[in-house]
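As provided, structure.pdb (PDB, C-alpha atoms, pLDDT in the B column) reads as follows.
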ATOM      1  CA  MET P  26     135.590 -29.226 -20.846  1.00 48.00           C
ATOM      2  CA  LYS P  27     136.331 -26.578 -18.237  1.00 70.00           C
ATOM      3  CA  THR P  28     140.065 -27.153 -18.740  1.00 69.00           C
ATOM      4  CA  ASN P  29     139.699 -26.736 -22.519  1.00 75.00           C
ATOM      5  CA  LYS P  30     137.788 -23.479 -22.047  1.00 80.00           C
ATOM      6  CA  ARG P  31     140.420 -22.117 -19.680  1.00 81.00           C
ATOM      7  CA  PHE P  32     143.195 -23.205 -22.044  1.00 81.00           C
ATOM      8  CA  ALA P  33     141.480 -21.403 -24.936  1.00 82.00           C
ATOM      9  CA  SER P  34     140.920 -18.261 -22.836  1.00 83.00           C
ATOM     10  CA  VAL P  35     144.531 -18.080 -21.652  1.00 85.00           C
ATOM     11  CA  ALA P  36     145.896 -18.884 -25.127  1.00 87.00           C
ATOM     12  CA  THR P  37     143.728 -16.245 -26.823  1.00 88.00           C
ATOM     13  CA  ALA P  38     144.705 -13.669 -24.209  1.00 88.00           C
ATOM     14  CA  GLY P  39     148.361 -14.577 -24.730  1.00 88.00           C
ATOM     15  CA  ILE P  40     148.142 -14.344 -28.515  1.00 91.00           C
ATOM     16  CA  THR P  41     146.567 -10.881 -28.454  1.00 92.00           C
ATOM     17  CA  PHE P  42     149.022  -9.787 -25.761  1.00 90.00           C
ATOM     18  CA  GLN P  43     152.008 -10.840 -27.873  1.00 90.00           C
ATOM     19  CA  ALA P  44     150.634  -9.027 -30.905  1.00 91.00           C
ATOM     20  CA  GLY P  45     149.976  -5.927 -28.806  1.00 90.00           C
ATOM     21  CA  SER P  46     153.527  -6.112 -27.472  1.00 90.00           C
ATOM     22  CA  ALA P  47     154.857  -5.889 -31.020  1.00 90.00           C
ATOM     23  CA  ALA P  48     153.068  -2.549 -31.397  1.00 90.00           C
ATOM     24  CA  VAL P  49     154.598  -1.082 -28.224  1.00 92.00           C
ATOM     25  CA  ASP P  50     157.991  -2.802 -28.288  1.00 90.00           C
ATOM     26  CA  SER P  51     160.686  -0.872 -26.425  1.00 88.00           C
ATOM     27  CA  ALA P  52     163.455  -1.879 -28.850  1.00 89.00           C
ATOM     28  CA  THR P  53     161.633  -0.846 -32.015  1.00 90.00           C
ATOM     29  CA  ILE P  54     158.441   1.248 -31.916  1.00 91.00           C
ATOM     30  CA  MET P  55     159.086   3.155 -28.698  1.00 94.00           C
ATOM     31  CA  SER P  56     162.797   3.673 -29.366  1.00 93.00           C
ATOM     32  CA  ALA P  57     162.057   5.005 -32.849  1.00 93.00           C
ATOM     33  CA  LEU P  58     159.351   7.286 -31.452  1.00 94.00           C
ATOM     34  CA  VAL P  59     161.566   8.712 -28.720  1.00 95.00           C
ATOM     35  CA  TYR P  60     164.490   9.202 -31.112  1.00 95.00           C
ATOM     36  CA  GLN P  61     162.315  11.047 -33.629  1.00 94.00           C
ATOM     37  CA  LEU P  62     160.907  13.188 -30.844  1.00 93.00           C
ATOM     38  CA  SER P  63     164.123  14.030 -29.025  1.00 91.00           C
ATOM     39  CA  GLY P  64     167.119  12.967 -31.122  1.00 89.00           C
ATOM     40  CA  SER P  65     168.655  11.782 -27.850  1.00 90.00           C
ATOM     41  CA  SER P  66     170.430   8.425 -27.759  1.00 91.00           C
ATOM     42  CA  ILE P  67     170.370   8.598 -23.953  1.00 93.00           C
ATOM     43  CA  LEU P  68     166.575   8.728 -23.896  1.00 93.00           C
ATOM     44  CA  VAL P  69     166.439   5.895 -26.426  1.00 93.00           C
ATOM     45  CA  GLY P  70     168.541   3.786 -24.056  1.00 92.00           C
ATOM     46  CA  ALA P  71     166.358   4.845 -21.151  1.00 93.00           C
ATOM     47  CA  VAL P  72     163.237   3.459 -22.861  1.00 94.00           C
ATOM     48  CA  THR P  73     164.336  -0.153 -22.424  1.00 93.00           C
ATOM     49  CA  ALA P  74     165.984   0.434 -19.035  1.00 94.00           C
ATOM     50  CA  ILE P  75     162.800   1.991 -17.638  1.00 94.00           C
ATOM     51  CA  LEU P  76     160.679  -0.871 -18.939  1.00 93.00           C
ATOM     52  CA  ARG P  77     162.921  -3.543 -17.409  1.00 92.00           C
ATOM     53  CA  PHE P  78     163.146  -1.890 -14.018  1.00 92.00           C
ATOM     54  CA  GLY P  79     159.445  -1.095 -14.029  1.00 90.00           C
ATOM     55  CA  TRP P  80     158.669  -4.714 -14.882  1.00 90.00           C
ATOM     56  CA  LEU P  81     160.817  -6.184 -12.109  1.00 89.00           C
ATOM     57  CA  PHE P  82     160.457  -3.854  -9.125  1.00 90.00           C
ATOM     58  CA  PRO P  83     156.681  -4.087  -8.541  1.00 88.00           C
ATOM     59  CA  GLN P  84     156.895  -7.881  -8.491  1.00 87.00           C
ATOM     60  CA  LEU P  85     158.637  -7.716  -5.115  1.00 84.00           C
ATOM     61  CA  ILE P  86     155.652  -5.924  -3.594  1.00 86.00           C
ATOM     62  CA  VAL P  87     152.836  -7.605  -5.516  1.00 84.00           C
ATOM     63  CA  GLY P  88     154.182 -11.087  -4.813  1.00 77.00           C
ATOM     64  CA  TYR P  89     153.983 -10.455  -1.086  1.00 78.00           C
ATOM     65  CA  LEU P  90     150.548  -8.816  -1.243  1.00 79.00           C
ATOM     66  CA  ALA P  91     149.009 -11.477  -3.495  1.00 72.00           C
ATOM     67  CA  GLN P  92     150.329 -14.276  -1.292  1.00 72.00           C
ATOM     68  CA  ASN P  93     148.751 -12.754   1.810  1.00 71.00           C
ATOM     69  CA  ARG P  94     145.471 -11.967   0.067  1.00 70.00           C
ATOM     70  CA  GLY P  95     145.103 -15.436  -1.423  1.00 68.00           C
ATOM     71  CA  SER P  96     143.635 -14.125  -4.696  1.00 74.00           C
ATOM     72  CA  SER P  97     145.733 -12.909  -7.604  1.00 78.00           C
ATOM     73  CA  MET P  98     143.026 -11.812 -10.036  1.00 82.00           C
ATOM     74  CA  PRO P  99     142.459  -8.314  -8.529  1.00 83.00           C
ATOM     75  CA  TYR P 100     146.160  -7.517  -9.015  1.00 85.00           C
ATOM     76  CA  TYR P 101     146.052  -8.850 -12.555  1.00 86.00           C
ATOM     77  CA  VAL P 102     143.034  -6.662 -13.354  1.00 88.00           C
ATOM     78  CA  ILE P 103     144.721  -3.544 -11.945  1.00 89.00           C
ATOM     79  CA  GLY P 104     147.941  -4.157 -13.852  1.00 89.00           C
ATOM     80  CA  ALA P 105     146.504  -5.410 -17.135  1.00 90.00           C
ATOM     81  CA  PHE P 106     143.823  -2.773 -17.588  1.00 93.00           C
ATOM     82  CA  GLY P 107     146.125  -0.118 -16.106  1.00 93.00           C
ATOM     83  CA  ARG P 108     148.804  -0.680 -18.718  1.00 92.00           C
ATOM     84  CA  ALA P 109     146.194  -0.662 -21.509  1.00 94.00           C
ATOM     85  CA  LEU P 110     145.012   2.684 -20.135  1.00 94.00           C
ATOM     86  CA  CYS P 111     148.601   4.005 -20.119  1.00 94.00           C
ATOM     87  CA  ILE P 112     149.076   3.025 -23.773  1.00 95.00           C
ATOM     88  CA  THR P 113     145.773   4.699 -24.610  1.00 95.00           C
ATOM     89  CA  GLY P 114     147.080   7.807 -22.853  1.00 95.00           C
ATOM     90  CA  LEU P 115     150.291   7.698 -24.876  1.00 95.00           C
ATOM     91  CA  ALA P 116     148.311   7.428 -28.110  1.00 95.00           C
ATOM     92  CA  GLY P 117     146.099  10.325 -27.029  1.00 95.00           C
ATOM     93  CA  ILE P 118     149.031  12.562 -26.123  1.00 95.00           C
ATOM     94  CA  LEU P 119     150.717  11.905 -29.470  1.00 94.00           C
ATOM     95  CA  PHE P 120     147.472  12.657 -31.287  1.00 93.00           C
ATOM     96  CA  ILE P 121     146.551  15.882 -29.518  1.00 93.00           C
ATOM     97  CA  GLY P 122     150.130  16.999 -28.827  1.00 89.00           C
ATOM     98  CA  ALA P 123     151.384  17.051 -32.411  1.00 86.00           C
ATOM     99  CA  ASP P 124     151.787  20.847 -32.203  1.00 88.00           C
ATOM    100  CA  TRP P 125     153.209  20.957 -28.676  1.00 91.00           C
ATOM    101  CA  PRO P 126     156.825  22.026 -28.099  1.00 93.00           C
ATOM    102  CA  VAL P 127     159.128  19.051 -28.601  1.00 92.00           C
ATOM    103  CA  ALA P 128     160.444  19.143 -25.031  1.00 93.00           C
ATOM    104  CA  VAL P 129     156.919  19.096 -23.572  1.00 94.00           C
ATOM    105  CA  LEU P 130     155.755  16.219 -25.771  1.00 94.00           C
ATOM    106  CA  THR P 131     158.938  14.222 -25.113  1.00 94.00           C
ATOM    107  CA  THR P 132     158.580  14.727 -21.350  1.00 95.00           C
ATOM    108  CA  ALA P 133     154.922  13.674 -21.444  1.00 95.00           C
ATOM    109  CA  VAL P 134     155.790  10.541 -23.419  1.00 95.00           C
ATOM    110  CA  MET P 135     158.624   9.562 -21.076  1.00 96.00           C
ATOM    111  CA  VAL P 136     156.500  10.141 -17.953  1.00 96.00           C
ATOM    112  CA  LEU P 137     153.632   8.028 -19.280  1.00 95.00           C
ATOM    113  CA  TRP P 138     156.075   5.372 -20.469  1.00 96.00           C
ATOM    114  CA  THR P 139     157.505   5.171 -16.942  1.00 95.00           C
ATOM    115  CA  VAL P 140     154.034   4.818 -15.445  1.00 95.00           C
ATOM    116  CA  TYR P 141     153.259   2.130 -18.052  1.00 95.00           C
ATOM    117  CA  ALA P 142     156.422   0.220 -17.145  1.00 94.00           C
ATOM    118  CA  PHE P 143     155.648   0.128 -13.422  1.00 93.00           C
ATOM    119  CA  VAL P 144     151.973  -0.713 -13.921  1.00 92.00           C
ATOM    120  CA  SER P 145     153.021  -3.552 -16.266  1.00 90.00           C
ATOM    121  CA  GLY P 146     155.178  -5.008 -13.497  1.00 89.00           C
ATOM    122  CA  ILE P 147     152.075  -5.569 -11.379  1.00 90.00           C
ATOM    123  CA  VAL P 148     150.842  -8.208 -13.850  1.00 88.00           C
ATOM    124  CA  ALA P 149     153.715 -10.705 -13.845  1.00 85.00           C
ATOM    125  CA  VAL P 150     153.184 -12.437 -10.498  1.00 85.00           C
ATOM    126  CA  PRO P 151     149.381 -12.746 -10.640  1.00 85.00           C
ATOM    127  CA  TYR P 152     149.450 -13.880 -14.270  1.00 85.00           C
ATOM    128  CA  ASN P 153     151.855 -16.724 -13.563  1.00 82.00           C
ATOM    129  CA  ASP P 154     149.967 -17.678 -10.416  1.00 82.00           C
ATOM    130  CA  ILE P 155     146.615 -17.779 -12.215  1.00 82.00           C
ATOM    131  CA  VAL P 156     147.994 -19.795 -15.139  1.00 82.00           C
ATOM    132  CA  ALA P 157     149.618 -22.266 -12.743  1.00 80.00           C
ATOM    133  CA  ARG P 158     146.275 -22.790 -10.988  1.00 80.00           C
ATOM    134  CA  SER P 159     144.098 -22.802 -14.105  1.00 80.00           C
ATOM    135  CA  VAL P 160     146.070 -24.823 -16.643  1.00 81.00           C
ATOM    136  CA  PRO P 161     147.272 -28.369 -15.843  1.00 83.00           C
ATOM    137  CA  SER P 162     151.041 -28.783 -15.930  1.00 82.00           C
ATOM    138  CA  GLU P 163     150.917 -31.174 -18.901  1.00 85.00           C
ATOM    139  CA  LEU P 164     149.280 -28.446 -21.023  1.00 84.00           C
ATOM    140  CA  ARG P 165     151.523 -25.506 -20.108  1.00 82.00           C
ATOM    141  CA  SER P 166     154.200 -26.156 -22.754  1.00 85.00           C
ATOM    142  CA  ARG P 167     151.497 -26.358 -25.404  1.00 88.00           C
ATOM    143  CA  LEU P 168     149.999 -23.162 -24.014  1.00 85.00           C
ATOM    144  CA  LEU P 169     153.286 -21.273 -24.319  1.00 85.00           C
ATOM    145  CA  ALA P 170     153.862 -22.612 -27.840  1.00 89.00           C
ATOM    146  CA  THR P 171     150.346 -21.587 -28.887  1.00 88.00           C
ATOM    147  CA  ARG P 172     150.750 -18.173 -27.303  1.00 88.00           C
ATOM    148  CA  PHE P 173     154.068 -17.357 -28.964  1.00 89.00           C
ATOM    149  CA  PHE P 174     153.339 -18.915 -32.355  1.00 91.00           C
ATOM    150  CA  GLY P 175     149.856 -17.420 -32.648  1.00 90.00           C
ATOM    151  CA  GLY P 176     151.073 -14.099 -31.271  1.00 88.00           C
ATOM    152  CA  GLY P 177     153.925 -14.075 -33.778  1.00 89.00           C
ATOM    153  CA  LEU P 178     151.548 -14.636 -36.691  1.00 91.00           C
ATOM    154  CA  LEU P 179     149.207 -11.889 -35.492  1.00 91.00           C
ATOM    155  CA  ALA P 180     152.206  -9.615 -34.926  1.00 91.00           C
ATOM    156  CA  LEU P 181     152.992  -9.839 -38.656  1.00 91.00           C
ATOM    157  CA  GLY P 182     149.672  -8.124 -39.321  1.00 91.00           C
ATOM    158  CA  VAL P 183     150.463  -5.567 -36.626  1.00 91.00           C
ATOM    159  CA  VAL P 184     153.804  -4.798 -38.266  1.00 90.00           C
ATOM    160  CA  ALA P 185     152.148  -4.357 -41.665  1.00 91.00           C
ATOM    161  CA  ILE P 186     149.633  -1.890 -40.183  1.00 91.00           C
ATOM    162  CA  ALA P 187     152.419  -0.089 -38.305  1.00 91.00           C
ATOM    163  CA  ASN P 188     154.442   0.238 -41.507  1.00 90.00           C
ATOM    164  CA  TYR P 189     151.421   1.629 -43.347  1.00 90.00           C
ATOM    165  CA  SER P 190     150.802   4.068 -40.501  1.00 90.00           C
ATOM    166  CA  VAL P 191     154.395   5.357 -40.457  1.00 90.00           C
ATOM    167  CA  GLU P 192     154.475   5.790 -44.238  1.00 90.00           C
ATOM    168  CA  GLY P 193     150.974   7.189 -44.672  1.00 89.00           C
ATOM    169  CA  LEU P 194     150.444   9.474 -41.666  1.00 91.00           C
ATOM    170  CA  PRO P 195     152.398  12.497 -40.390  1.00 92.00           C
ATOM    171  CA  PHE P 196     154.595  12.166 -37.304  1.00 91.00           C
ATOM    172  CA  PRO P 197     153.654  11.797 -34.421  1.00 92.00           C
ATOM    173  CA  VAL P 198     150.054  10.929 -35.385  1.00 92.00           C
ATOM    174  CA  SER P 199     151.436   7.842 -37.118  1.00 93.00           C
ATOM    175  CA  TYR P 200     152.729   6.551 -33.788  1.00 94.00           C
ATOM    176  CA  ALA P 201     149.455   7.479 -32.093  1.00 94.00           C
ATOM    177  CA  GLY P 202     147.736   5.061 -34.474  1.00 93.00           C
ATOM    178  CA  ILE P 203     150.214   2.286 -33.717  1.00 94.00           C
ATOM    179  CA  LEU P 204     149.840   2.740 -29.963  1.00 95.00           C
ATOM    180  CA  ALA P 205     146.045   2.866 -30.254  1.00 94.00           C
ATOM    181  CA  MET P 206     146.245  -0.530 -31.966  1.00 93.00           C
ATOM    182  CA  ALA P 207     148.481  -1.793 -29.145  1.00 94.00           C
ATOM    183  CA  ALA P 208     145.998  -0.538 -26.553  1.00 94.00           C
ATOM    184  CA  ALA P 209     143.084  -2.255 -28.313  1.00 94.00           C
ATOM    185  CA  LEU P 210     144.939  -5.581 -28.429  1.00 93.00           C
ATOM    186  CA  ARG P 211     145.934  -5.268 -24.771  1.00 92.00           C
ATOM    187  CA  LEU P 212     142.310  -4.550 -23.816  1.00 93.00           C
ATOM    188  CA  ILE P 213     141.122  -7.637 -25.708  1.00 92.00           C
ATOM    189  CA  SER P 214     143.808  -9.698 -23.986  1.00 91.00           C
ATOM    190  CA  SER P 215     143.007  -8.356 -20.530  1.00 89.00           C
ATOM    191  CA  GLY P 216     139.268  -8.772 -20.989  1.00 88.00           C
ATOM    192  CA  GLY P 217     139.590 -12.341 -22.225  1.00 84.00           C
ATOM    193  CA  PHE P 218     141.868 -13.371 -19.384  1.00 84.00           C
ATOM    194  CA  SER P 219     139.814 -11.633 -16.708  1.00 81.00           C
ATOM    195  CA  ALA P 220     136.626 -13.257 -17.982  1.00 79.00           C
ATOM    196  CA  MET P 221     137.862 -16.609 -16.672  1.00 71.00           C
ATOM    197  CA  GLY P 222     136.966 -15.410 -13.180  1.00 63.00           C
TER     198      GLY P 222
END
Could I get this file's structure written as structure tokens?
Amino acid sequence: MKTNKRFASVATAGITFQAGSAAVDSATIMSALVYQLSGSSILVGAVTAILRFGWLFPQLIVGYLAQNRGSSMPYYVIGAFGRALCITGLAGILFIGADWPVAVLTTAVMVLWTVYAFVSGIVAVPYNDIVARSVPSELRSRLLATRFFGGGLLALGVVAIANYSVEGLPFPVSYAGILAMAAALRLISSGGFSAMG
């Protein structure tokens, strides 16, 4: 029973995470946002590069710290809720900064995106460690399948809302709405996963 509850918690967190990722994807949403803001193909390329480096680098440090501490959940909480907070900040900046000079708004977006990328990297090691300890090995393939399939279905709804937002709201408020949705999904995911204890 305990295993089933943990499986459901991790799967639900994974599904909402995947859907939230669709709303803050570096190859689509964020690249389109940065291009519309700046018109710079270099900054568009930097969006994905920053995310990849930010995802990988912190793992070197967090892996060492988590191993010595013996508990991974505190690092997960910092990273998971931290990245949700960063996305909330991005949404807020786009909402209140619609009338800011383009260079100022673009700089603010890129700075927060960089912070988001590095905070996201904190999550990888503790997440995998917690899943490995919480979910029996014979259920992990099913867990991944559930996470990606369910997340993909939910992402279809996210895409429909994002499309409505882009067509129905002025720029950049339209992207503020999309990122607010991403932040909400990430918060649900983080809360559900953390609730396992």
At a cut-off of 12 Å, can you tabulate as JSON lines every residue of segment 46-82 of chain P near segment 90-112 of chain P together with its closest atom pair and the distance in Å to one decimal, using only C-alpha atoms and ordering rows by chain then number?
{"residue": "P:Ser46", "atom": "CA", "partner": "P:Ile112", "partner_atom": "CA", "distance": 10.8}
{"residue": "P:Ala48", "atom": "CA", "partner": "P:Ile112", "partner_atom": "CA", "distance": 10.3}
{"residue": "P:Val49", "atom": "CA", "partner": "P:Ile112", "partner_atom": "CA", "distance": 8.2}
{"residue": "P:Asp50", "atom": "CA", "partner": "P:Ile112", "partner_atom": "CA", "distance": 11.6}
{"residue": "P:Met55", "atom": "CA", "partner": "P:Ile112", "partner_atom": "CA", "distance": 11.2}
{"residue": "P:Leu76", "atom": "CA", "partner": "P:Arg108", "partner_atom": "CA", "distance": 11.9}
{"residue": "P:Gly79", "atom": "CA", "partner": "P:Arg108", "partner_atom": "CA", "distance": 11.6}
{"residue": "P:Trp80", "atom": "CA", "partner": "P:Gly104", "partner_atom": "CA", "distance": 10.8}
May I have the residues from that selection written out with C-alpha atoms, as a PDB file, in the frame of the given file?
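Saved the output as out.pdb:
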ATOM      1  CA  SER P  46     153.527  -6.112 -27.472  1.00 90.00           C
ATOM      2  CA  ALA P  48     153.068  -2.549 -31.397  1.00 90.00           C
ATOM      3  CA  VAL P  49     154.598  -1.082 -28.224  1.00 92.00           C
ATOM      4  CA  ASP P  50     157.991  -2.802 -28.288  1.00 90.00           C
ATOM      5  CA  MET P  55     159.086   3.155 -28.698  1.00 94.00           C
ATOM      6  CA  LEU P  76     160.679  -0.871 -18.939  1.00 93.00           C
ATOM      7  CA  GLY P  79     159.445  -1.095 -14.029  1.00 90.00           C
ATOM      8  CA  TRP P  80     158.669  -4.714 -14.882  1.00 90.00           C
TER       9      TRP P  80
END
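Residues lying within 7 Å of (153.0, 2.9, -21.3). Counted over all atoms listed in the file, they are Arg108, Cys111, Ile112, Leu115, Leu137, Trp138, Thr139, Val140, Tyr141 and Ala142 of chain P.
For the set P:Leu164, P:Ala33, P:Ala185, P:Ile203, the residue with the smallest atom-to-atom gap to Leu58 of chain P is P:Ile203, counting all atoms listed in the file.
With all atoms listed in the file as the atoms that count, the residue of P:Leu210, P:Ala157, P:Leu168, P:Ala52 with the shortest distance to Val183 of chain P is P:Leu210.
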(message) Report, in Å with one decimal, the straight-line distance from atom CA of Pro83 of chain P to atom CA of Pro151 of chain P.
(response) 11.5 Å
(request) Could you give me, as a PyMOL selection string, the residues within 8 Å of Phe196 of chain P, counting all atoms listed in the file and dropping anything in the same chain fewer than 4 positions from it? (result) chain P and resi 123+191+200
(request) List the residues selected by the PyMOL selection byres ((chain P and resi 133-135) around 12) in the file shown, writing them as a ChimeraX atom specification. (result) /P:51,55-56,58-60,62-63,68-76,111-123,125-132,136-142,197,200-201,204
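Relative to atom CA of Ala180 of chain P, atom CA of Arg158 of chain P is found at 28.0 Å.
Here atom CA of Gly39 of chain P is placed at a distance of 19.9 Å from atom CA of Phe143 of chain P.
Taken over the shown file, the PyMOL selection byres ((chain P and resi 174) around 12) identifies Ala36, Thr37, Gly39, Ile40, Thr41, Gln43, Ala44, Arg167, Leu168, Leu169, Ala170, Thr171, Arg172, Phe173, Gly175, Gly176, Gly177, Leu178, Leu179, Ala180 and Leu181 of chain P.
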(request) Please evaluate the PyMOL selection byres ((chain P and resi 218) around 9) against the structure above and give the resulting residues as a ChimeraX atom specification. (result) /P:31,34-39,213-217,219-222
(request) Tell me which of P:Leu194, P:Ile67, P:Ala209, P:Leu81 sits closest to Ser145 of chain P, counting all atoms listed in the file. (result) P:Leu81
What would segment 110-124 of chain P look like with N, CA, C and O atoms restored, written as an mmCIF file, keeping the file's coordinate frame?
data_model
loop_
_atom_site.group_PDB
_atom_site.id
_atom_site.type_symbol
_atom_site.label_atom_id
_atom_site.label_comp_id
_atom_site.auth_asym_id
_atom_site.auth_seq_id
_atom_site.Cartn_x
_atom_site.Cartn_y
_atom_site.Cartn_z
ATOM 1 N N LEU P 110 145.394 1.276 -20.296
ATOM 2 C CA LEU P 110 145.012 2.684 -20.135
ATOM 3 C C LEU P 110 146.209 3.605 -20.377
ATOM 4 O O LEU P 110 146.073 4.674 -21.002
ATOM 5 N N CYS P 111 147.384 3.203 -19.895
ATOM 6 C CA CYS P 111 148.601 4.005 -20.119
ATOM 7 C C CYS P 111 148.933 4.101 -21.605
ATOM 8 O O CYS P 111 149.303 5.173 -22.098
ATOM 9 N N ILE P 112 148.798 2.993 -22.334
ATOM 10 C CA ILE P 112 149.076 3.025 -23.773
ATOM 11 C C ILE P 112 148.058 3.908 -24.485
ATOM 12 O O ILE P 112 148.391 4.655 -25.403
ATOM 13 N N THR P 113 146.802 3.824 -24.049
ATOM 14 C CA THR P 113 145.773 4.699 -24.610
ATOM 15 C C THR P 113 146.133 6.159 -24.371
ATOM 16 O O THR P 113 145.981 7.010 -25.262
ATOM 17 N N GLY P 114 146.638 6.444 -23.172
ATOM 18 C CA GLY P 114 147.080 7.807 -22.853
ATOM 19 C C GLY P 114 148.225 8.262 -23.732
ATOM 20 O O GLY P 114 148.253 9.412 -24.199
ATOM 21 N N LEU P 115 149.177 7.362 -23.981
ATOM 22 C CA LEU P 115 150.291 7.698 -24.876
ATOM 23 C C LEU P 115 149.788 8.018 -26.273
ATOM 24 O O LEU P 115 150.221 8.995 -26.895
ATOM 25 N N ALA P 116 148.874 7.187 -26.776
ATOM 26 C CA ALA P 116 148.311 7.428 -28.110
ATOM 27 C C ALA P 116 147.589 8.782 -28.144
ATOM 28 O O ALA P 116 147.747 9.560 -29.095
ATOM 29 N N GLY P 117 146.831 9.063 -27.094
ATOM 30 C CA GLY P 117 146.099 10.325 -27.029
ATOM 31 C C GLY P 117 147.011 11.534 -27.005
ATOM 32 O O GLY P 117 146.765 12.536 -27.686
ATOM 33 N N ILE P 118 148.078 11.449 -26.218
ATOM 34 C CA ILE P 118 149.031 12.562 -26.123
ATOM 35 C C ILE P 118 149.706 12.819 -27.469
ATOM 36 O O ILE P 118 149.881 13.959 -27.887
ATOM 37 N N LEU P 119 150.077 11.742 -28.163
ATOM 38 C CA LEU P 119 150.717 11.905 -29.470
ATOM 39 C C LEU P 119 149.745 12.491 -30.491
ATOM 40 O O LEU P 119 150.150 13.225 -31.390
ATOM 41 N N PHE P 120 148.479 12.157 -30.342
ATOM 42 C CA PHE P 120 147.472 12.657 -31.287
ATOM 43 C C PHE P 120 147.174 14.136 -31.058
ATOM 44 O O PHE P 120 147.190 14.942 -31.989
ATOM 45 N N ILE P 121 146.927 14.483 -29.796
ATOM 46 C CA ILE P 121 146.551 15.882 -29.518
ATOM 47 C C ILE P 121 147.767 16.796 -29.349
ATOM 48 O O ILE P 121 147.649 18.012 -29.436
ATOM 49 N N GLY P 122 148.945 16.196 -29.106
ATOM 50 C CA GLY P 122 150.130 16.999 -28.827
ATOM 51 C C GLY P 122 151.048 17.188 -30.007
ATOM 52 O O GLY P 122 152.215 17.552 -29.835
ATOM 53 N N ALA P 123 150.539 16.942 -31.220
ATOM 54 C CA ALA P 123 151.384 17.051 -32.411
ATOM 55 C C ALA P 123 151.992 18.449 -32.564
ATOM 56 O O ALA P 123 153.090 18.590 -33.101
ATOM 57 N N ASP P 124 151.295 19.468 -32.073
ATOM 58 C CA ASP P 124 151.787 20.847 -32.203
ATOM 59 C C ASP P 124 152.441 21.368 -30.927
ATOM 60 O O ASP P 124 152.793 22.549 -30.845
#
